[in-house]
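Q: My structure is in coords-v9.txt, and what it holds is compact mmCIF, C-alpha atoms:
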```
# COMPACT_ATOMS: atom_id res chain seq x y z
CA MET A 12 -316.42 170.97 -9.18
CA THR A 13 -318.16 173.91 -7.44
CA ASP A 14 -317.74 177.54 -8.44
CA THR A 15 -316.17 178.17 -5.03
CA THR A 16 -313.58 175.46 -5.58
CA ASN A 17 -312.79 176.83 -9.05
CA LEU A 18 -312.37 180.33 -7.64
CA THR A 19 -310.10 179.03 -4.87
CA ARG A 20 -308.01 177.18 -7.44
CA ARG A 21 -307.66 180.24 -9.71
CA ARG A 22 -306.58 182.41 -6.79
CA LEU A 23 -304.12 179.74 -5.65
CA LEU A 24 -302.49 179.34 -9.07
CA ALA A 25 -302.28 183.10 -9.47
CA ALA A 26 -300.61 183.40 -6.08
CA GLY A 27 -298.14 180.67 -7.00
CA ALA A 28 -297.25 182.41 -10.27
CA THR A 29 -296.43 185.66 -8.50
CA ALA A 30 -294.72 184.23 -5.43
CA SER A 31 -291.27 184.59 -6.95
CA LEU A 32 -291.91 188.28 -7.58
CA THR A 33 -292.72 189.23 -4.02
CA GLY A 34 -290.42 189.48 -1.05
CA LEU A 35 -287.60 187.28 -2.30
CA VAL A 36 -286.02 189.26 -5.15
CA SER A 37 -282.61 189.01 -3.49
CA GLY A 38 -282.48 185.30 -4.33
CA GLY A 39 -283.31 183.92 -0.95
CA VAL A 40 -281.15 185.18 1.93
CA PHE A 41 -283.29 187.08 4.40
CA ALA A 42 -281.95 190.28 5.87
CA ALA A 43 -280.82 190.37 9.47
CA GLY A 44 -283.11 191.98 12.01
CA SER A 45 -286.82 191.47 11.53
CA ASP A 46 -286.28 188.17 9.71
CA LYS A 47 -284.13 186.69 12.45
CA PRO A 48 -285.63 183.47 13.92
CA GLU A 49 -287.90 184.34 16.85
CA LYS A 50 -286.92 181.11 18.55
CA THR A 51 -283.42 179.67 18.22
CA GLU A 52 -283.88 176.23 19.82
CA VAL A 53 -286.38 174.06 17.95
CA LYS A 54 -287.50 170.73 19.44
CA VAL A 55 -288.41 168.37 16.60
CA GLY A 56 -289.96 164.99 17.37
CA PHE A 57 -289.25 161.87 15.35
CA ILE A 58 -290.13 158.18 15.30
CA PRO A 59 -287.31 155.61 14.79
CA LEU A 60 -287.68 155.16 11.03
CA THR A 61 -285.29 155.63 8.13
CA ASP A 62 -287.28 158.62 6.88
CA CYS A 63 -286.47 160.68 9.99
CA ALA A 64 -283.01 161.06 8.42
CA SER A 65 -283.27 164.60 7.05
CA VAL A 66 -284.29 166.00 10.44
CA VAL A 67 -281.47 164.13 12.19
CA MET A 68 -278.84 165.04 9.58
CA ALA A 69 -279.85 168.72 9.61
CA SER A 70 -278.88 168.68 13.28
CA VAL A 71 -275.82 166.40 13.07
CA LEU A 72 -274.27 168.19 10.07
CA GLY A 73 -275.01 171.68 11.38
CA PHE A 74 -277.28 172.89 8.59
CA ASP A 75 -279.50 174.34 11.31
CA LYS A 76 -276.76 176.68 12.55
CA LYS A 77 -276.47 178.19 9.07
CA TYR A 78 -280.01 179.52 9.50
CA GLY A 79 -279.63 180.70 13.07
CA ILE A 80 -281.38 177.86 14.88
CA ARG A 81 -280.51 174.67 16.74
CA ILE A 82 -282.61 171.60 16.01
CA VAL A 83 -283.03 169.34 19.04
CA PRO A 84 -284.23 165.92 17.79
CA SER A 85 -286.61 164.25 20.25
CA LYS A 86 -287.15 160.49 19.94
CA GLU A 87 -290.81 159.59 20.46
CA SER A 88 -292.46 156.26 21.25
CA SER A 89 -295.55 156.34 19.02
CA TRP A 90 -297.44 158.49 16.53
CA ALA A 91 -300.11 159.11 19.16
CA SER A 92 -297.42 160.61 21.36
CA VAL A 93 -296.22 162.81 18.50
CA ARG A 94 -299.78 163.97 17.88
CA ASP A 95 -300.39 164.84 21.52
CA LYS A 96 -297.11 166.73 21.88
CA LEU A 97 -297.71 168.73 18.71
CA VAL A 98 -301.21 169.64 19.88
CA ASN A 99 -300.13 170.71 23.38
CA GLY A 100 -296.96 172.49 22.21
CA GLU A 101 -294.48 170.17 23.91
CA LEU A 102 -292.87 169.71 20.49
CA ASP A 103 -292.26 172.62 18.15
CA ALA A 104 -292.51 170.41 15.07
CA ALA A 105 -292.11 166.77 14.10
CA HIS A 106 -291.26 164.18 11.50
CA VAL A 107 -294.84 163.01 11.17
CA LEU A 108 -297.29 161.04 9.04
CA TYR A 109 -299.00 163.13 6.37
CA GLY A 110 -302.40 161.65 7.21
CA LEU A 111 -301.93 162.27 10.94
CA ILE A 112 -301.69 166.02 10.37
CA TYR A 113 -304.88 165.97 8.31
CA GLY A 114 -306.63 163.75 10.84
CA VAL A 115 -306.00 166.28 13.60
CA GLN A 116 -307.01 169.14 11.28
CA MET A 117 -310.35 167.44 10.60
CA GLY A 118 -310.88 166.24 14.18
CA ILE A 119 -310.80 162.53 13.27
CA GLY A 120 -307.42 161.53 14.70
CA GLY A 121 -307.80 162.85 18.22
CA PRO A 122 -308.31 166.44 19.36
CA LYS A 123 -309.20 168.90 16.59
CA LYS A 124 -306.63 171.64 16.01
CA ASP A 125 -305.52 173.70 13.03
CA MET A 126 -302.33 172.13 11.74
CA ALA A 127 -299.58 172.88 9.23
CA VAL A 128 -297.51 170.87 6.77
CA LEU A 129 -294.27 172.81 6.35
CA MET A 130 -292.74 170.44 3.79
CA SER A 131 -292.71 166.83 2.67
CA LEU A 132 -289.74 164.87 4.03
CA ASN A 133 -289.66 161.88 1.71
CA GLN A 134 -291.34 159.84 -0.98
CA ASN A 135 -291.51 156.02 -1.26
CA GLY A 136 -289.66 153.57 0.98
CA GLN A 137 -292.40 151.88 3.02
CA ALA A 138 -293.63 148.30 2.52
CA ILE A 139 -296.24 145.71 3.34
CA SER A 140 -294.96 142.60 5.11
CA LEU A 141 -296.73 139.27 5.50
CA SER A 142 -295.96 136.68 8.18
CA LYS A 143 -293.89 133.59 7.46
CA LYS A 144 -297.00 131.57 8.35
CA LEU A 145 -298.89 133.21 5.47
CA ALA A 146 -295.88 132.84 3.17
CA ASP A 147 -295.74 129.12 4.03
CA ALA A 148 -299.40 128.96 2.98
CA ARG A 149 -298.28 130.55 -0.33
CA ALA A 150 -299.65 134.02 0.37
CA VAL A 151 -296.71 136.08 -0.88
CA ASP A 152 -298.34 138.98 -2.72
CA GLY A 153 -301.76 140.60 -3.22
CA PRO A 154 -303.39 138.03 -5.53
CA SER A 155 -302.15 135.01 -3.57
CA LEU A 156 -303.17 136.61 -0.25
CA ALA A 157 -306.70 137.15 -1.58
CA LYS A 158 -306.80 133.50 -2.70
CA VAL A 159 -305.64 132.17 0.68
CA MET A 160 -308.06 134.40 2.60
CA SER A 161 -311.00 133.26 0.46
CA LYS A 162 -310.19 129.58 1.01
CA ASP A 163 -309.06 129.55 4.64
CA LYS A 164 -311.80 131.43 6.47
CA ARG A 165 -310.55 132.82 9.80
CA GLU A 166 -309.89 136.20 11.38
CA TYR A 167 -306.93 137.89 9.69
CA SER A 168 -305.19 140.72 11.51
CA PHE A 169 -303.20 143.44 9.81
CA ALA A 170 -301.35 146.26 11.56
CA GLN A 171 -300.84 149.87 10.62
CA THR A 172 -299.16 152.60 12.64
CA PHE A 173 -301.91 155.23 13.11
CA PRO A 174 -305.61 155.18 12.09
CA THR A 175 -305.48 158.23 9.77
CA GLY A 176 -301.82 157.82 8.82
CA THR A 177 -300.02 156.93 5.62
CA HIS A 178 -299.41 153.26 6.48
CA ALA A 179 -303.11 152.68 7.15
CA MET A 180 -304.00 154.22 3.80
CA TRP A 181 -301.37 152.22 1.86
CA LEU A 182 -302.48 149.00 3.56
CA TYR A 183 -306.18 149.63 2.88
CA TYR A 184 -305.57 150.71 -0.72
CA TRP A 185 -303.41 147.65 -1.42
CA LEU A 186 -305.83 145.17 0.12
CA ALA A 187 -308.81 146.72 -1.69
CA SER A 188 -306.94 146.58 -5.01
CA TYR A 189 -307.09 142.79 -4.71
CA GLY A 190 -310.71 142.61 -3.63
CA ILE A 191 -310.09 142.47 0.12
CA ASN A 192 -312.20 144.91 2.14
CA PRO A 193 -309.97 145.94 5.08
CA MET A 194 -313.01 146.95 7.14
CA LYS A 195 -315.01 143.74 6.61
CA ASP A 196 -312.62 140.96 5.65
CA ALA A 197 -309.91 141.63 8.23
CA LYS A 198 -309.19 143.01 11.66
CA VAL A 199 -306.98 146.10 11.62
CA ILE A 200 -304.87 147.01 14.66
CA THR A 201 -302.54 149.89 15.48
CA VAL A 202 -298.93 149.15 16.46
CA PRO A 203 -296.02 151.65 16.81
CA PRO A 204 -293.34 151.15 14.11
CA PRO A 205 -290.49 149.85 16.33
CA GLN A 206 -292.84 147.23 17.83
CA MET A 207 -294.00 145.70 14.52
CA VAL A 208 -291.39 142.96 14.21
CA ALA A 209 -291.73 141.81 17.83
CA ASN A 210 -295.51 141.63 17.49
CA MET A 211 -295.26 139.60 14.30
CA ARG A 212 -292.76 137.28 15.97
CA VAL A 213 -295.31 136.32 18.63
CA GLY A 214 -298.15 135.96 16.12
CA ASN A 215 -300.14 139.10 16.87
CA MET A 216 -300.70 139.89 13.19
CA ASP A 217 -300.71 138.31 9.75
CA GLY A 218 -299.24 141.35 8.08
CA PHE A 219 -298.33 144.98 8.55
CA CYS A 220 -297.54 148.17 6.71
CA VAL A 221 -294.73 150.27 8.14
CA GLY A 222 -291.74 152.35 7.13
CA GLU A 223 -288.24 151.03 6.83
CA PRO A 224 -286.13 149.61 8.28
CA TRP A 225 -288.74 147.42 9.96
CA ASN A 226 -289.84 145.50 6.85
CA HIS A 227 -286.26 144.56 6.08
CA ARG A 228 -285.72 143.76 9.76
CA ALA A 229 -288.66 141.30 9.61
CA ILE A 230 -286.80 139.45 6.84
CA VAL A 231 -283.46 139.51 8.66
CA ASP A 232 -285.15 138.17 11.80
CA GLY A 233 -286.94 135.45 9.81
CA VAL A 234 -290.46 136.44 10.85
CA GLY A 235 -291.86 138.02 7.68
CA ILE A 236 -291.59 138.59 3.95
CA THR A 237 -292.10 141.69 1.81
CA ALA A 238 -295.29 141.34 -0.25
CA ALA A 239 -295.24 144.83 -1.79
CA THR A 240 -293.45 148.14 -1.54
CA THR A 241 -295.47 151.31 -1.26
CA GLN A 242 -293.82 152.65 -4.40
CA ASP A 243 -295.56 149.70 -6.11
CA ILE A 244 -298.85 151.21 -4.92
CA TRP A 245 -298.01 154.79 -5.91
CA LYS A 246 -294.68 155.73 -7.47
CA ASP A 247 -293.23 158.75 -5.64
CA HIS A 248 -296.07 158.88 -3.14
CA PRO A 249 -296.07 161.43 -0.30
CA GLU A 250 -295.05 160.00 3.05
CA LYS A 251 -293.72 161.86 6.10
CA THR A 252 -293.98 165.61 6.56
CA LEU A 253 -292.38 168.24 8.72
CA GLY A 254 -295.53 169.07 10.63
CA THR A 255 -296.57 171.48 13.33
CA SER A 256 -299.58 173.47 14.48
CA LEU A 257 -300.76 176.49 12.50
CA GLU A 258 -300.55 178.44 15.75
CA TRP A 259 -296.79 177.72 15.95
CA VAL A 260 -296.21 178.85 12.35
CA LYS A 261 -298.04 182.12 12.96
CA LYS A 262 -296.13 182.75 16.20
CA TYR A 263 -292.69 181.84 14.80
CA PRO A 264 -292.76 182.37 11.01
CA ASN A 265 -289.04 183.16 10.69
CA THR A 266 -288.15 180.11 12.78
CA ALA A 267 -290.41 177.98 10.60
CA ARG A 268 -288.67 179.22 7.43
CA ALA A 269 -285.24 178.58 8.93
CA LEU A 270 -286.28 175.08 9.99
CA VAL A 271 -287.54 174.20 6.51
CA ALA A 272 -284.41 175.62 4.87
CA ALA A 273 -282.13 173.59 7.16
CA VAL A 274 -284.02 170.34 6.57
CA LEU A 275 -284.07 171.06 2.83
CA GLU A 276 -280.29 171.33 2.83
CA ALA A 277 -280.02 168.02 4.68
CA SER A 278 -282.47 166.40 2.23
CA ARG A 279 -280.36 167.56 -0.72
CA TRP A 280 -277.19 166.32 1.00
CA ILE A 281 -278.63 162.82 1.53
CA ASP A 282 -279.68 162.39 -2.09
CA ALA A 283 -276.45 163.88 -3.49
CA SER A 284 -274.46 160.63 -3.47
CA MET A 285 -274.37 156.98 -2.49
CA SER A 286 -271.61 157.73 -0.01
CA ASN A 287 -273.82 160.33 1.69
CA LYS A 288 -276.61 157.77 1.96
CA VAL A 289 -274.22 155.29 3.55
CA LYS A 290 -273.03 157.97 5.98
CA MET A 291 -276.65 158.80 6.78
CA ALA A 292 -277.43 155.12 7.46
CA GLU A 293 -274.42 154.85 9.76
CA THR A 294 -275.57 157.94 11.66
CA ILE A 295 -279.24 157.12 12.16
CA ALA A 296 -278.56 153.44 13.03
CA ASP A 297 -277.28 154.68 16.38
CA LYS A 298 -279.34 153.83 19.46
CA SER A 299 -280.15 157.53 19.87
CA TYR A 300 -282.11 157.39 16.63
CA VAL A 301 -283.36 154.20 14.91
CA ASN A 302 -281.38 151.73 17.04
CA THR A 303 -280.71 148.93 14.57
CA SER A 304 -277.79 147.61 12.51
CA VAL A 305 -276.50 149.70 9.62
CA ASP A 306 -277.09 146.89 7.12
CA VAL A 307 -280.78 146.77 7.96
CA ILE A 308 -281.04 150.43 6.92
CA ASN A 309 -278.60 150.89 4.08
CA GLN A 310 -279.65 148.00 1.80
CA ARG A 311 -283.04 149.47 0.94
CA ILE A 312 -281.80 153.05 1.09
CA LEU A 313 -279.41 152.05 -1.72
CA GLY A 314 -282.24 150.36 -3.62
CA ARG A 315 -281.15 146.77 -2.90
CA TYR A 316 -284.31 144.85 -2.16
CA GLN A 317 -285.15 141.24 -1.31
CA ASN A 318 -288.51 139.74 -0.45
CA GLY A 319 -287.28 137.13 2.03
CA LEU A 320 -288.09 134.26 -0.33
CA GLY A 321 -285.06 134.43 -2.59
CA LYS A 322 -286.19 137.19 -4.92
CA THR A 323 -283.84 140.21 -5.16
CA TRP A 324 -284.10 143.37 -7.23
CA ASP A 325 -282.68 146.85 -7.62
CA ASP A 326 -285.47 149.36 -7.09
CA PRO A 327 -285.07 152.72 -8.90
CA ASN A 328 -287.94 154.14 -6.85
CA THR A 329 -286.49 153.66 -3.40
CA MET A 330 -286.82 156.25 -0.64
CA LYS A 331 -286.14 159.77 -1.93
CA PHE A 332 -285.39 162.77 0.25
CA TYR A 333 -284.87 165.53 -2.34
CA ASN A 334 -284.83 164.47 -6.03
CA ASP A 335 -284.08 167.95 -7.37
CA GLY A 336 -286.62 169.51 -5.02
CA SER A 337 -289.64 167.55 -6.23
CA VAL A 338 -289.86 165.51 -3.00
CA ASN A 339 -290.17 168.35 -0.53
CA PHE A 340 -292.81 170.63 -2.02
CA PRO A 341 -296.08 170.49 -0.01
CA TYR A 342 -298.33 169.71 -2.97
CA LEU A 343 -301.95 170.57 -2.25
CA SER A 344 -303.07 167.51 -4.20
CA ASP A 345 -301.09 165.28 -1.81
CA GLY A 346 -302.93 166.63 1.21
CA MET A 347 -306.25 166.35 -0.63
CA TRP A 348 -305.59 162.69 -1.46
CA PHE A 349 -305.37 161.70 2.20
CA MET A 350 -308.72 163.37 2.84
CA THR A 351 -310.26 161.41 -0.06
CA GLN A 352 -309.11 158.18 1.58
CA HIS A 353 -310.37 159.29 4.98
CA ARG A 354 -313.71 159.88 3.25
CA ARG A 355 -313.52 156.54 1.42
CA TRP A 356 -313.08 154.58 4.63
CA GLY A 357 -315.71 156.46 6.64
CA LEU A 358 -313.34 158.45 8.83
CA LEU A 359 -314.82 161.61 7.31
CA LYS A 360 -318.61 161.45 7.25
CA SER A 361 -319.03 164.08 4.52
CA ASP A 362 -316.92 165.74 1.86
CA PRO A 363 -314.95 168.75 3.07
CA ASP A 364 -313.87 171.60 0.81
CA TYR A 365 -310.80 169.59 -0.12
CA LEU A 366 -308.86 172.37 -1.82
CA ALA A 367 -309.63 174.98 0.82
CA VAL A 368 -308.51 172.69 3.65
CA ALA A 369 -305.30 171.74 1.86
CA SER A 370 -304.58 175.40 1.08
CA SER A 371 -304.89 176.17 4.78
CA VAL A 372 -302.76 173.26 6.02
CA ASN A 373 -299.98 173.08 3.42
CA GLN A 374 -297.75 176.11 3.84
CA VAL A 375 -296.93 176.64 0.16
CA ALA A 376 -295.93 180.32 0.40
CA LEU A 377 -293.68 179.78 3.42
CA TYR A 378 -292.12 176.77 1.72
CA ARG A 379 -291.31 178.81 -1.39
CA GLU A 380 -289.55 181.40 0.79
CA ALA A 381 -287.54 178.73 2.63
CA ALA A 382 -286.62 177.04 -0.66
CA ALA A 383 -285.32 180.35 -1.96
CA MET A 384 -283.17 180.67 1.16
CA ALA A 385 -281.75 177.18 0.55
CA LYS A 386 -281.52 177.73 -3.21
CA ALA A 387 -283.68 174.67 -3.80
CA ASP A 388 -285.69 174.09 -6.96
CA VAL A 389 -289.46 174.44 -6.58
CA PRO A 390 -292.08 172.72 -8.77
CA LYS A 391 -294.25 175.15 -10.74
CA SER A 392 -297.65 173.78 -9.79
CA PRO A 393 -299.07 172.94 -6.36
CA MET A 394 -300.97 170.06 -7.98
CA ARG A 395 -299.60 166.80 -9.42
CA SER A 396 -301.06 163.62 -10.85
CA ALA A 397 -300.27 159.91 -10.60
CA LYS A 398 -301.70 156.54 -11.62
CA LEU A 399 -301.96 154.16 -8.66
CA ILE A 400 -301.70 150.38 -8.51
CA ASP A 401 -305.36 149.84 -9.49
CA GLY A 402 -305.00 152.00 -12.60
CA VAL A 403 -307.00 154.89 -11.14
CA VAL A 404 -305.54 158.34 -11.80
CA TRP A 405 -305.42 160.94 -9.03
CA ASP A 406 -304.99 164.55 -10.14
CA GLY A 407 -306.88 166.51 -7.50
CA LYS A 408 -309.44 167.86 -9.96
CA ASN A 409 -312.61 166.33 -8.53
CA PRO A 410 -311.81 164.87 -5.11
CA ALA A 411 -315.39 164.19 -3.99
CA ALA A 412 -316.14 162.16 -7.12
CA TYR A 413 -312.79 160.37 -6.81
CA ALA A 414 -313.50 159.35 -3.20
CA ALA A 415 -317.01 158.13 -4.08
CA ALA A 416 -315.99 156.11 -7.16
CA PHE A 417 -314.13 153.28 -5.44
CA LYS A 418 -315.91 149.94 -5.61
CA ILE A 419 -314.59 148.88 -2.20
CA LYS A 420 -315.22 151.50 0.47
CA THR A 421 -317.06 151.95 3.75
```
Show how you would write the structure in this file as structure tokens.
A:
Amino acid sequence: MTDTTNLTRRRLLAAGATASLTGLVSGGVFAAGSDKPEKTEVKVGFIPLTDCASVVMASVLGFDKKYGIRIVPSKESSWASVRDKLVNGELDAAHVLYGLIYGVQMGIGGPKKDMAVLMSLNQNGQAISLSKKLADARAVDGPSLAKVMSKDKREYSFAQTFPTGTHAMWLYYWLASYGINPMKDAKVITVPPPQMVANMRVGNMDGFCVGEPWNHRAIVDGVGITAATTQDIWKDHPEKTLGTSLEWVKKYPNTARALVAAVLEASRWIDASMSNKVKMAETIADKSYVNTSVDVINQRILGRYQNGLGKTWDDPNTMKFYNDGSVNFPYLSDGMWFMTQHRRWGLLKSDPDYLAVASSVNQVALYREAAAMAKADVPKSPMRSAKLIDGVVWDGKNPAAYAAAFKIKT
């Protein structure tokens, strides 16, 4: 690790330790006047996925009004559309892929622009589906897929939802863990989440990685099976964020704080009880939001999983929206991890200053202020560690070495 990185880290940890002593001694409610939201109507984009729920429920349940704003959810057609509208200011903020924000920041996912992660919206709850054709050939999980692909040589196509996004990174990581190089041994295509099942139905791909409810929908429709959940790849992994441009945060800091506080309250409400989760599923199933049946959403939200081949299980690591505040904190190590994978797969041609970039993008100080407003618990450290499916530990300490150490990479 360089001296510069060490210095940045020391400054960061010192700032985190003193954050609670500056500006928020009242316990979190900002005074009227100068702290009033600069903008009261906030247009927030979302893609029809279960994990848009906290944004939708913040609006539906009126948590936004408590903080002096009105969230206007805007249903979008694709992640590329979300990216473009965030960049050009057509959206104020969005429910958006973690890796998309970093792709734009680094200029590898479209136009380069300074971006901001205001908070994390959820952990877990995505999956990798394989076609019934592959399942019939006995490819039902990672090891058996690798075996089938090595014996039956043909072009295999796998879909993700955005080139720098979370689903691409989970798919690549999972395939590589079983000796399959996603860049050499397969063809990877990009398909918007709501179009995954229809594309699999007509044979456009052998497998896909996407958020719920579309993996469960593939089972219900009889076109696919669940080979792995993303929580199998990384327990409590980062997923969607509340993202925007850094320019917007600087122009509307009070609005940004109010937005985070409102979504935090909705996140806490969802995770508070099973009945709240059921109510959430009933709400977002509506055609205005996810546009599917309630059962397709609520089974996996409640942890009731099936793989489409007769196996059922109760998953304790299903999609989380709050989990005592640990879900929503914009950990710097989470942002850094996506950059290590962008580097691994050749999207980044050289190593950035991982910690400095993450410190710029992830709005830790603003999040702490918003959490104080919402009386939400905040983790002590902006770094966290985890052991992934291949046994490799990620802790953010030496990102360049971590990215370079993978056996399968570009």
Q: Nearest to Ser299 in chain A among A:Lys47, A:Glu87, A:Ala381, A:Asn409, with distances taken over all atoms listed in the file: which residue is it?
A: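 So, comparing all the options, the nearest one is A:Glu87.
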Q: For Ala272 in chain A, which of A:Leu145, A:Val372, A:Val93, A:Leu377 is the closest residue, counting only C-alpha atoms?
A: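 Checking each of A:Leu145, A:Val372, A:Val93, A:Leu377 against Ala272 in chain A, counting only C-alpha atoms, the winner is A:Leu377.
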Q: Write out as a PyMOL selection string which residues come within 9 Å of range 393-397 of chain A when counting all atoms listed in the file, dropping same-chain ones fewer than 4 positions away.
A: chain A and resi 23-24+27+245-248+340-345+375+403-408
Q: Give me, please, the distance in Å between CA of Thr201 in chain A and CA of Gly218 in chain A, quoted to one decimal.
A: 11.8 Å
Q: Quick one, how far is CA of Lys398 in chain A from CA of Tyr167 in chain A?
A: 28.8 Å
Q: Enter the distance from CA of Val55 in chain A to CA of Gly254 in chain A, in Å, rounded to one decimal.
A: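 The value is 9.3 Å.
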Q: Within 8 Å of range 320-325 of chain A, counting all atoms listed in the file, which residues qualify if same-chain residues fewer than 5 places away don't, as a compact mmCIF listing (two decimals) with C-alpha atoms, in the coordinates of the input?
A:
```
# COMPACT_ATOMS: atom_id res chain seq x y z
CA ILE A 236 -291.59 138.59 3.95
CA GLY A 314 -282.24 150.36 -3.62
CA ARG A 315 -281.15 146.77 -2.90
```
Q: List the spatial neighbours of Met180 in chain A as an NGL selection string - criterion: any atom at most 9 Å away, only C-alpha atoms, same-chain residues fewer than 3 positions off excluded.
A: :A and (110 or 171 or 174-177 or 183-185 or 349 or 352-353)
Q: Compare A:Ala148, A:Ala238, A:Leu253, A:Cys220 by their minimum atom-to-atom distance to Val271 in chain A, counting all atoms listed in the file, and give me the closest one.
A: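 Looking only at the distances to Val271 in chain A, the closest residue turns out to be A:Leu253.
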Q: Of the candidates A:Asp95, A:Asp152, A:Asp46, A:Asp147, which shows the shortest atom-to-atom distance to Asn318 in chain A, using all atoms listed in the file?
A: A:Asp152
Q: Which is closest to Asp103 in chain A among A:Thr266, A:Ser361, A:Thr303, A:Thr240, if we use only C-alpha atoms?
A: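 Among the listed residues, the smallest separation from Asp103 in chain A belongs to A:Thr266.
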Q: Using all atoms listed in the file, which of A:Asp75, A:Phe169, A:Ser286, A:Met211 sits nearest Pro193 in chain A?
A: A:Phe169
Q: Show which residues sit within 10 Å of Lys198 in chain A, as a list in words. Count only C-alpha atoms, and ignore same-chain residues fewer than 3 positions away.
A: Glu166, Tyr167, Ser168, Phe169, Ala170, Pro193, Met194, Lys195, Met216 and Asp217 of chain A
Q: For Ile295 in chain A, please output as a PyMOL selection string all residues within 9 Å (counting only C-alpha atoms; exclusion window: fewer than 4 positions along the same chain).
A: chain A and resi 59-61+63-64+67-68+290-291+299-303+305+308
Q: Regenerate range 128-144 of chain A at the level of N, CA and C atoms and dump it as a CSV table (one decimal), in the coordinates of the input.
A:
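Ended up saving to selection.csv:
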```
chain,number,residue,atom,x,y,z
A,128,VAL,N,-298.6,171.6,7.4
A,128,VAL,CA,-297.5,170.9,6.8
A,128,VAL,C,-296.5,171.9,6.2
A,129,LEU,N,-295.3,171.9,6.8
A,129,LEU,CA,-294.3,172.8,6.4
A,129,LEU,C,-293.6,172.3,5.1
A,130,MET,N,-293.4,171.0,5.0
A,130,MET,CA,-292.7,170.4,3.8
A,130,MET,C,-293.0,168.9,3.8
A,131,SER,N,-292.7,168.3,2.7
A,131,SER,CA,-292.7,166.8,2.7
A,131,SER,C,-291.3,166.4,2.9
A,132,LEU,N,-291.1,165.3,3.7
A,132,LEU,CA,-289.7,164.9,4.0
A,132,LEU,C,-289.2,163.8,3.1
A,133,ASN,N,-290.1,163.0,2.6
A,133,ASN,CA,-289.7,161.9,1.7
A,133,ASN,C,-290.8,161.3,0.9
A,134,GLN,N,-290.4,160.6,-0.2
A,134,GLN,CA,-291.3,159.8,-1.0
A,134,GLN,C,-290.9,158.4,-1.0
A,135,ASN,N,-291.8,157.5,-1.1
A,135,ASN,CA,-291.5,156.0,-1.3
A,135,ASN,C,-290.9,155.4,0.0
A,136,GLY,N,-290.5,154.2,-0.1
A,136,GLY,CA,-289.7,153.6,1.0
A,136,GLY,C,-290.4,152.9,2.1
A,137,GLN,N,-291.7,152.7,2.0
A,137,GLN,CA,-292.4,151.9,3.0
A,137,GLN,C,-292.7,150.5,2.4
A,138,ALA,N,-293.3,149.6,3.1
A,138,ALA,CA,-293.6,148.3,2.5
A,138,ALA,C,-294.7,147.6,3.3
A,139,ILE,N,-295.3,146.6,2.7
A,139,ILE,CA,-296.2,145.7,3.3
A,139,ILE,C,-295.6,144.3,3.5
A,140,SER,N,-295.5,143.9,4.8
A,140,SER,CA,-295.0,142.6,5.1
A,140,SER,C,-296.1,141.6,5.5
A,141,LEU,N,-295.8,140.4,5.1
A,141,LEU,CA,-296.7,139.3,5.5
A,141,LEU,C,-295.9,138.3,6.4
A,142,SER,N,-296.6,137.6,7.3
A,142,SER,CA,-296.0,136.7,8.2
A,142,SER,C,-295.4,135.5,7.4
A,143,LYS,N,-294.4,134.8,8.0
A,143,LYS,CA,-293.9,133.6,7.5
A,143,LYS,C,-295.0,132.5,7.4
A,144,LYS,N,-295.9,132.5,8.4
A,144,LYS,CA,-297.0,131.6,8.4
A,144,LYS,C,-297.8,131.7,7.1
```
